[in-house]
Every structure is written in C-alpha cells, then in structure tokens.
file data.csv (CSV, N, CA and C atoms)
chain,number,residue,atom,x,y,z
A,1,MET,N,13.4,-10.3,6.4
A,1,MET,CA,14.0,-10.4,5.1
A,1,MET,C,15.5,-10.2,5.2
A,2,THR,N,16.2,-10.8,4.3
A,2,THR,CA,17.6,-10.5,4.2
A,2,THR,C,17.9,-9.1,3.7
A,3,ASP,N,19.1,-8.7,3.8
A,3,ASP,CA,19.4,-7.3,3.3
A,3,ASP,C,19.2,-7.2,1.8
A,4,ILE,N,19.6,-8.3,1.0
A,4,ILE,CA,19.4,-8.2,-0.4
A,4,ILE,C,17.9,-8.3,-0.8
A,5,MET,N,17.1,-9.0,-0.1
A,5,MET,CA,15.7,-9.1,-0.3
A,5,MET,C,15.1,-7.7,-0.1
A,6,GLN,N,15.5,-7.0,1.0
A,6,GLN,CA,15.0,-5.7,1.3
A,6,GLN,C,15.4,-4.7,0.2
A,7,ILE,N,16.6,-4.8,-0.3
A,7,ILE,CA,17.0,-3.9,-1.4
A,7,ILE,C,16.2,-4.1,-2.6
A,8,ILE,N,16.0,-5.4,-3.0
A,8,ILE,CA,15.2,-5.7,-4.2
A,8,ILE,C,13.7,-5.2,-4.0
A,9,TYR,N,13.2,-5.5,-2.8
A,9,TYR,CA,11.8,-5.1,-2.5
A,9,TYR,C,11.6,-3.6,-2.6
A,10,ASP,N,12.5,-2.9,-2.0
A,10,ASP,CA,12.4,-1.4,-2.0
A,10,ASP,C,12.5,-0.9,-3.5
A,11,TYR,N,13.5,-1.5,-4.3
A,11,TYR,CA,13.6,-1.1,-5.7
A,11,TYR,C,12.3,-1.4,-6.4
A,12,LEU,N,11.8,-2.5,-6.3
A,12,LEU,CA,10.5,-2.9,-7.0
A,12,LEU,C,9.4,-2.0,-6.6
A,13,LEU,N,9.3,-1.7,-5.3
A,13,LEU,CA,8.2,-0.9,-4.8
A,13,LEU,C,8.3,0.6,-5.4
A,14,GLU,N,9.5,1.1,-5.4
A,14,GLU,CA,9.7,2.4,-5.9
A,14,GLU,C,9.7,2.6,-7.4
A,15,ASN,N,10.1,1.5,-8.2
A,15,ASN,CA,10.2,1.6,-9.6
A,15,ASN,C,9.3,0.8,-10.5
A,16,HIS,N,8.7,-0.2,-10.0
A,16,HIS,CA,7.9,-1.1,-10.8
A,16,HIS,C,6.5,-1.5,-10.3
A,17,TYR,N,6.3,-1.2,-9.1
A,17,TYR,CA,5.0,-1.6,-8.4
A,17,TYR,C,3.8,-1.1,-9.2
A,18,HIS,N,3.8,0.2,-9.6
A,18,HIS,CA,2.7,0.8,-10.2
A,18,HIS,C,2.4,0.2,-11.6
A,19,GLU,N,3.4,-0.4,-12.2
A,19,GLU,CA,3.2,-1.0,-13.6
A,19,GLU,C,2.2,-2.1,-13.5
A,20,PHE,N,2.0,-2.7,-12.4
A,20,PHE,CA,1.2,-3.9,-12.3
A,20,PHE,C,-0.2,-3.6,-11.7
A,21,LEU,N,-0.4,-2.3,-11.4
A,21,LEU,CA,-1.8,-2.0,-11.0
A,21,LEU,C,-2.7,-1.9,-12.2
A,22,PRO,N,-3.9,-2.2,-12.1
A,22,PRO,CA,-4.9,-2.1,-13.2
A,22,PRO,C,-5.1,-0.7,-13.6
A,23,GLN,N,-4.4,-0.3,-14.7
A,23,GLN,CA,-4.4,1.2,-15.1
A,23,GLN,C,-5.8,1.7,-15.4
A,24,GLU,N,-6.6,0.9,-15.9
A,24,GLU,CA,-8.0,1.4,-16.3
A,24,GLU,C,-8.8,1.8,-15.1
A,25,TYR,N,-8.5,1.3,-13.9
A,25,TYR,CA,-9.2,1.6,-12.7
A,25,TYR,C,-8.4,2.4,-11.7
A,26,PHE,N,-7.1,2.3,-11.7
A,26,PHE,CA,-6.3,2.9,-10.7
A,26,PHE,C,-6.5,4.4,-10.5
A,27,TRP,N,-6.4,5.1,-11.6
A,27,TRP,CA,-6.5,6.6,-11.5
A,27,TRP,C,-7.9,7.0,-11.2
A,28,ARG,N,-8.9,6.3,-11.7
A,28,ARG,CA,-10.3,6.6,-11.4
A,28,ARG,C,-10.5,6.5,-9.9
A,29,TYR,N,-10.0,5.4,-9.3
A,29,TYR,CA,-10.2,5.1,-7.9
A,29,TYR,C,-9.4,6.1,-7.0
A,30,THR,N,-8.2,6.5,-7.5
A,30,THR,CA,-7.4,7.4,-6.8
A,30,THR,C,-8.1,8.8,-6.7
A,31,VAL,N,-8.7,9.2,-7.7
A,31,VAL,CA,-9.5,10.5,-7.7
A,31,VAL,C,-10.7,10.3,-6.8
A,32,LEU,N,-11.4,9.2,-6.9
A,32,LEU,CA,-12.6,9.0,-6.0
A,32,LEU,C,-12.2,8.9,-4.6
A,33,VAL,N,-11.1,8.3,-4.2
A,33,VAL,CA,-10.7,8.2,-2.8
A,33,VAL,C,-10.3,9.6,-2.3
A,34,ASP,N,-9.7,10.4,-3.1
A,34,ASP,CA,-9.4,11.8,-2.7
A,34,ASP,C,-10.6,12.6,-2.5
A,35,GLU,N,-11.6,12.4,-3.4
A,35,GLU,CA,-12.9,13.2,-3.2
A,35,GLU,C,-13.6,12.8,-1.9
A,36,LEU,N,-13.7,11.4,-1.7
A,36,LEU,CA,-14.4,10.9,-0.5
A,36,LEU,C,-13.7,11.3,0.7
A,37,GLU,N,-12.3,11.3,0.7
A,37,GLU,CA,-11.6,11.7,1.9
A,37,GLU,C,-11.8,13.2,2.2
A,38,SER,N,-11.8,14.0,1.2
A,38,SER,CA,-12.1,15.4,1.4
A,38,SER,C,-13.4,15.7,2.1
A,39,ALA,N,-14.4,15.0,1.5
A,39,ALA,CA,-15.8,15.1,2.1
A,39,ALA,C,-15.8,14.6,3.5
A,40,LEU,N,-15.2,13.5,3.8
A,40,LEU,CA,-15.2,13.0,5.2
A,40,LEU,C,-14.5,13.9,6.1
A,41,LEU,N,-13.3,14.4,5.7
A,41,LEU,CA,-12.5,15.3,6.6
A,41,LEU,C,-13.3,16.6,7.0
A,42,GLU,N,-14.2,17.0,6.1
A,42,GLU,CA,-14.9,18.3,6.4
A,42,GLU,C,-15.9,18.0,7.5
A,43,THR,N,-16.3,16.8,7.8
A,43,THR,CA,-17.3,16.5,8.8
A,43,THR,C,-16.8,16.1,10.1
A,44,LEU,N,-15.5,16.0,10.3
A,44,LEU,CA,-14.9,15.4,11.5
A,44,LEU,C,-14.6,16.4,12.6
A,45,SER,N,-14.9,16.0,13.8
A,45,SER,CA,-14.5,16.8,15.0
A,45,SER,C,-13.0,16.5,15.3
A,46,ASP,N,-12.4,17.2,16.2
A,46,ASP,CA,-11.0,17.0,16.5
A,46,ASP,C,-10.7,15.6,17.0
A,47,ASP,N,-11.6,15.1,17.9
A,47,ASP,CA,-11.5,13.7,18.4
A,47,ASP,C,-11.6,12.7,17.2
A,48,GLN,N,-12.5,12.9,16.3
A,48,GLN,CA,-12.6,12.0,15.2
A,48,GLN,C,-11.4,12.1,14.3
A,49,TRP,N,-10.8,13.3,14.1
A,49,TRP,CA,-9.6,13.4,13.3
A,49,TRP,C,-8.5,12.5,13.9
A,50,GLU,N,-8.3,12.5,15.2
A,50,GLU,CA,-7.3,11.7,15.9
A,50,GLU,C,-7.6,10.2,15.6
A,51,LEU,N,-8.9,9.8,15.8
A,51,LEU,CA,-9.2,8.4,15.5
A,51,LEU,C,-9.0,8.0,14.1
A,52,LEU,N,-9.3,8.9,13.2
A,52,LEU,CA,-9.1,8.6,11.7
A,52,LEU,C,-7.6,8.5,11.5
A,53,ASP,N,-6.8,9.4,12.1
A,53,ASP,CA,-5.3,9.3,11.9
A,53,ASP,C,-4.8,7.9,12.4
A,54,GLN,N,-5.3,7.5,13.5
A,54,GLN,CA,-4.9,6.2,14.1
A,54,GLN,C,-5.3,5.0,13.2
A,55,TYR,N,-6.5,5.1,12.7
A,55,TYR,CA,-7.0,4.1,11.8
A,55,TYR,C,-6.2,4.1,10.5
A,56,GLN,N,-5.9,5.2,9.9
A,56,GLN,CA,-5.1,5.2,8.7
A,56,GLN,C,-3.7,4.7,8.9
A,57,ALA,N,-3.1,5.1,10.0
A,57,ALA,CA,-1.8,4.6,10.3
A,57,ALA,C,-1.8,3.0,10.4
A,58,THR,N,-2.8,2.5,11.1
A,58,THR,CA,-2.9,1.1,11.2
A,58,THR,C,-3.1,0.4,9.9
A,59,ARG,N,-4.0,0.9,9.1
A,59,ARG,CA,-4.3,0.4,7.7
A,59,ARG,C,-3.0,0.4,6.9
A,60,ASN,N,-2.3,1.5,6.9
A,60,ASN,CA,-1.0,1.6,6.1
A,60,ASN,C,0.0,0.6,6.6
A,61,THR,N,0.1,0.4,7.9
A,61,THR,CA,1.0,-0.6,8.4
A,61,THR,C,0.6,-2.0,7.9
A,62,MET,N,-0.7,-2.3,8.0
A,62,MET,CA,-1.2,-3.6,7.5
A,62,MET,C,-0.9,-3.8,6.0
A,63,HIS,N,-1.1,-2.7,5.2
A,63,HIS,CA,-0.9,-2.8,3.8
A,63,HIS,C,0.6,-3.0,3.5
A,64,SER,N,1.5,-2.4,4.2
A,64,SER,CA,2.9,-2.6,4.1
A,64,SER,C,3.3,-4.1,4.4
A,65,HIS,N,2.7,-4.6,5.4
A,65,HIS,CA,3.0,-6.0,5.8
A,65,HIS,C,2.4,-7.0,4.7
A,66,ASP,N,1.2,-6.6,4.2
A,66,ASP,CA,0.7,-7.4,3.1
A,66,ASP,C,1.6,-7.4,1.8
A,67,LEU,N,2.1,-6.3,1.5
A,67,LEU,CA,3.0,-6.2,0.3
A,67,LEU,C,4.3,-7.0,0.6
A,68,GLU,N,4.8,-6.9,1.8
A,68,GLU,CA,6.0,-7.6,2.1
A,68,GLU,C,5.8,-9.1,2.0
A,69,ALA,N,4.7,-9.5,2.6
A,69,ALA,CA,4.4,-11.0,2.6
A,69,ALA,C,4.2,-11.5,1.1
A,70,MET,N,3.6,-10.7,0.3
A,70,MET,CA,3.4,-11.1,-1.1
A,70,MET,C,4.8,-11.2,-1.8
A,71,PHE,N,5.7,-10.2,-1.5
A,71,PHE,CA,7.0,-10.3,-2.1
A,71,PHE,C,7.7,-11.5,-1.6
A,72,GLN,N,7.6,-11.8,-0.3
A,72,GLN,CA,8.3,-13.0,0.2
A,72,GLN,C,7.8,-14.3,-0.4
A,73,ALA,N,6.5,-14.3,-0.6
A,73,ALA,CA,5.8,-15.5,-1.2
A,73,ALA,C,6.3,-15.7,-2.7
A,74,ALA,N,6.4,-14.6,-3.4
A,74,ALA,CA,6.9,-14.6,-4.8
A,74,ALA,C,8.3,-15.0,-4.8
A,75,TRP,N,9.1,-14.5,-3.9
A,75,TRP,CA,10.5,-14.8,-3.8
A,75,TRP,C,10.7,-16.3,-3.6
A,76,ARG,N,9.9,-16.9,-2.6
A,76,ARG,CA,10.0,-18.3,-2.4
A,76,ARG,C,9.6,-19.1,-3.6
A,77,ALA,N,8.5,-18.7,-4.2
A,77,ALA,CA,8.0,-19.5,-5.4
A,77,ALA,C,9.1,-19.4,-6.5
A,78,PHE,N,9.7,-18.3,-6.7
A,78,PHE,CA,10.8,-18.2,-7.7
A,78,PHE,C,11.9,-19.1,-7.4
A,79,ARG,N,12.3,-19.2,-6.1
A,79,ARG,CA,13.4,-20.1,-5.8
A,79,ARG,C,13.0,-21.5,-5.9
A,80,GLU,N,11.8,-21.9,-5.6
A,80,GLU,CA,11.3,-23.3,-5.8
A,80,GLU,C,11.3,-23.7,-7.3
A,81,LEU,N,11.0,-22.7,-8.1
A,81,LEU,CA,10.8,-23.0,-9.6
A,81,LEU,C,12.2,-23.0,-10.3
A,82,ALA,N,13.2,-22.3,-9.7
A,82,ALA,CA,14.5,-22.2,-10.3
A,82,ALA,C,15.3,-23.5,-10.3
call {"tool": "encode", "arguments": {"input": "data.csv", "output": "structure tokens"}}
result
Amino acid sequence: MTDIMQIIYDYLLENHYHEFLPQEYFWRYTVLVDELESALLETLSDDQWELLDQYQATRNTMHSHDLEAMFQAAWRAFRELA
C-alpha cells in the first residue's frame, strides 16, 4: 500500500471499522468468544498453551491480511467508479 492508503486504512480501522459490524450480533458473539476461550484455557497444558498462542498469532495475521485486502479492493473499486 502507498503511505496515504496506509494512513487512511489505519484511520478507518481505528475510528470507523466497528460501525459496520452487525451490532445485533457483535456483542453477543464477543461475550460468547470470551466465555469459550476461558473454558478452553482452563483445560490446556503448557505445551497446548504454546500451540494455541501460535495458532492465534497466525489467525490474527491472516485476519489482518484479509482486512487489508478488502480495503485495497474497495479502494480500487472506488477509483474505477470515480
């Protein structure tokens, strides 16, 4: 991404991203995820904790790349329509 695209992307992610999440489900699923994670963490051995940390880091990286790709696709569509 160009510098200006990165600035806009970061601004949108920090200030407007959550406005577009489905509000009727978002908080309910946030609470559910927290509850399930707590239950899972109580059952893990040290080796499993390390594996889970690696898994979560990988999933977070993938999610970040997905968001960036969506932003770039929207940016391209905007430019094509302008």
call {"tool": "atom_distance", "arguments": {"input": "data.csv", "atom1": "atom N of Leu40 of chain A", "atom2": "atom CA of Leu52 of chain A"}}
result
11.1 Å
call {"tool": "residues_around", "arguments": {"input": "data.csv", "residues": "Gln72 of chain A", "least_positions_apart": "6", "cutoff": "10 Å", "atoms": "only C-alpha atoms", "output": "ChimeraX atom specification"}}
result
/A:1,5-6,9,66,78
call {"tool": "atom_distance", "arguments": {"input": "data.csv", "atom1": "atom N of Tyr29 of chain A", "atom2": "atom CA of Asp47 of chain A"}}
result
29.0 Å
call {"tool": "atom_distance", "arguments": {"input": "data.csv", "atom1": "atom N of Trp49 of chain A", "atom2": "atom C of Glu37 of chain A"}}
result
11.9 Å
call {"tool": "closest_residue", "arguments": {"input": "data.csv", "among": "A:Phe71, A:Leu81, A:Arg76, A:Arg28", "to": "Ile8 of chain A", "atoms": "only C-alpha atoms"}}
result
A:Phe71
